[in-house]
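A quick write-up on the structure given underneath.
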Amino acid sequence: MNNNPILEFEKFIKNSKNNETSEHVRRVSSYTKQLCILLGIENEKTNIISKASVFHDIGKILIPDAILNKADKLNHEEWKTVKTHALLGYEMLKRSNNDIFQVASLIAYSHHEKWDGTGYPLSLRGDEINLFARIVAVVDVFDALCSIRSYKKEWAVEKALDYIADERSKHFDPGITDIFLKNSKLFIKIKNAHR
């Protein structure tokens with residue numbers, strides 16, 4: 001692998017099957033920006049967080065394609081391998097002094113943590129989880145549910161929103177979830193614009 005993880009990630013996105021990864025990161029960035037605005041996060045920070053969110057899965061460039069594109073359910077060892085992408089992404093990005101990459105490292109590391117402490121890699125709970133990662137967690141899951149993946153069909157938007165609501169205070173920060181759901185039409189509009 002080239003020493004520049006950003007160039008490697010760009011190549012990874014370009015070569016992704018059906019360009020779905022490329023569209024996913026664009027949608028996540030747009031959703032993140034909208035959610036930050038609704039949460040009242042100041043403009044400059046909102047722009048940094050939305051740009052940083054693009055790199056939430058950068059660690060996946062080190063996960064074998066055979067695992068990432070597997071059509072069947074992952075076995076225990078494969079799932080353990082996939083879960084390492086959070087730490088791998090953090091390690092790639094944390095060395096930079098750039099504000100965007102600093103924020104991106106925190107998002108990459110913690111966007112799979114869950115409000116109730118059952119997430120990974122550190123089983124953080126509640127406010128222990130970085131705010132930026134809590135924001136990205138909601139929109140990343142929403143987009144993943146509403147997208148076709150090698151292992152699943154696209155969910156209807158209503159079903160995805162019901163899932164987000166059901167996971168309030170379990171997977172997701174309750175305050176962020178409430179804002180997201182209250183303004184779901186804005187996120188559906190973004191989703192449809194990035195088809």
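Following the order of the structure tokens, first chain is A, next is B, and so on, with residues numbered from 1 inside each chain and ligands from 1 in the order they appear.
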ask   = Looking only at the backbone, which of the residues in range 43-152 of chain A does DSSP tag as helix (DSSP H, G or I), as a PyMOL selection string?
value = chain A and resi 43-53+58-62+65-68+76-83+85-93+99-110+126-128+131-145
Selection near Ser169 in chain A, 10 Å with only C-alpha atoms, sequence-local residues under 6 positions removed, as a ChimeraX atom specification = /A:114-116,126,175-177
Keeping only N, CA, C and O atoms, take the residues you just selected and write them out as a PDB file, in the first residue's frame.
```
ATOM      1  N   LYS A 114     -21.817   2.423  20.622  1.00  0.00           N
ATOM      2  CA  LYS A 114     -23.270   2.547  20.816  1.00  0.00           C
ATOM      3  C   LYS A 114     -23.567   3.219  22.149  1.00  0.00           C
ATOM      4  O   LYS A 114     -22.850   3.010  23.136  1.00  0.00           O
ATOM      5  N   TRP A 115     -24.630   3.994  22.169  1.00  0.00           N
ATOM      6  CA  TRP A 115     -25.024   4.766  23.344  1.00  0.00           C
ATOM      7  C   TRP A 115     -25.090   3.906  24.601  1.00  0.00           C
ATOM      8  O   TRP A 115     -24.745   4.333  25.691  1.00  0.00           O
ATOM      9  N   ASP A 116     -25.536   2.635  24.443  1.00  0.00           N
ATOM     10  CA  ASP A 116     -25.694   1.757  25.612  1.00  0.00           C
ATOM     11  C   ASP A 116     -24.419   0.987  25.973  1.00  0.00           C
ATOM     12  O   ASP A 116     -24.421   0.150  26.874  1.00  0.00           O
ATOM     13  N   GLY A 126     -22.794   6.435  26.099  1.00  0.00           N
ATOM     14  CA  GLY A 126     -23.277   7.789  26.297  1.00  0.00           C
ATOM     15  C   GLY A 126     -22.301   8.851  25.836  1.00  0.00           C
ATOM     16  O   GLY A 126     -21.712   8.761  24.764  1.00  0.00           O
ATOM     17  N   GLY A 175     -30.857  12.484  21.946  1.00  0.00           N
ATOM     18  CA  GLY A 175     -31.075  13.846  21.474  1.00  0.00           C
ATOM     19  C   GLY A 175     -30.832  13.984  19.982  1.00  0.00           C
ATOM     20  O   GLY A 175     -31.632  14.610  19.262  1.00  0.00           O
ATOM     21  N   ILE A 176     -29.752  13.399  19.505  1.00  0.00           N
ATOM     22  CA  ILE A 176     -29.435  13.441  18.073  1.00  0.00           C
ATOM     23  C   ILE A 176     -30.494  12.677  17.284  1.00  0.00           C
ATOM     24  O   ILE A 176     -30.952  13.122  16.229  1.00  0.00           O
ATOM     25  N   THR A 177     -30.922  11.551  17.811  1.00  0.00           N
ATOM     26  CA  THR A 177     -31.958  10.741  17.149  1.00  0.00           C
ATOM     27  C   THR A 177     -33.244  11.539  17.006  1.00  0.00           C
ATOM     28  O   THR A 177     -33.872  11.530  15.941  1.00  0.00           O
TER      29      THR A 177
END
```
Near range 149-156 of chain A, 6 Å: range 41-144 of chain A residue rows, closest pairs, only C-alpha atoms, as a tab-separated table:
```
residue	atom	partner	partner_atom	distance
A:Asn69	CA	A:Ser150	CA	5.7
A:Ala71	CA	A:Tyr151	CA	4.3
A:Asp72	CA	A:Tyr151	CA	5.8
```
message = Excluding range 74-81 of chain A and its own-chain neighbours fewer than 4 positions away, which residues fall within 9 Å of it when counting only C-alpha atoms? Please give them as a VMD selection string.
response = chain A and resid 63 to 64 67 70 85
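Counting from CA of Arg27 in chain A, the distance to CA of Lys191 in chain A is 6.6 Å.
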request  = Mind checking which residues fall within 12 Å of Asn98 in chain A, counting only C-alpha atoms, ignoring those fewer than 5 positions away in the same chain, and posting them as a list in words?
outcome  =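 Final neighbour list, sorted by chain and number: Ile48, Lys51, Ala52, Leu93, Val103, Ala104 and Ser105 of chain A.
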query = To one decimal place, how far is CA of Ile188 in chain A from CA of Ser110 in chain A in Å?
reply =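 Pair CA of Ile188 in chain A / CA of Ser110 in chain A returns 24.9 Å.
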ask   = What is the CA of His24 in chain A-CA of Gly40 in chain A distance in Å, reported with one decimal?
value =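 Straight-line distance from CA of His24 in chain A to CA of Gly40 in chain A works out to 24.2 Å.
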ask   = Nearest to Lys45 in chain A among A:Val25, A:Ile100, A:Cys146, A:Ala66, with distances taken over only C-alpha atoms: which residue is it?
value =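 Using only C-alpha atoms, Lys45 in chain A sits closest to A:Ile100.
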message = Based on the backbone DSSP call, show me all residues of range 1-194 of chain A assigned strand (DSSP E or B), as a ChimeraX atom specification.
response = /A:149,152,168,172
For the residues selected in the previous step, produce a file with N, CA, C and O atoms as a tab-separated table (two decimals), in the first residue's frame.
```
chain	number	residue	atom	x	y	z
A	149	ARG	N	-26.53	-3.51	-0.49
A	149	ARG	CA	-25.18	-3.97	-0.16
A	149	ARG	C	-25.04	-5.40	-0.68
A	149	ARG	O	-26.04	-6.06	-0.97
A	152	LYS	N	-27.29	-7.58	1.45
A	152	LYS	CA	-28.68	-7.25	1.77
A	152	LYS	C	-29.32	-6.37	0.71
A	152	LYS	O	-28.64	-5.70	-0.06
A	168	ARG	N	-33.07	4.32	19.50
A	168	ARG	CA	-32.86	5.52	20.31
A	168	ARG	C	-32.49	5.08	21.73
A	168	ARG	O	-33.15	4.23	22.31
A	172	PHE	N	-28.15	4.72	19.45
A	172	PHE	CA	-27.95	6.13	19.13
A	172	PHE	C	-28.22	7.08	20.29
A	172	PHE	O	-29.08	6.83	21.13
```
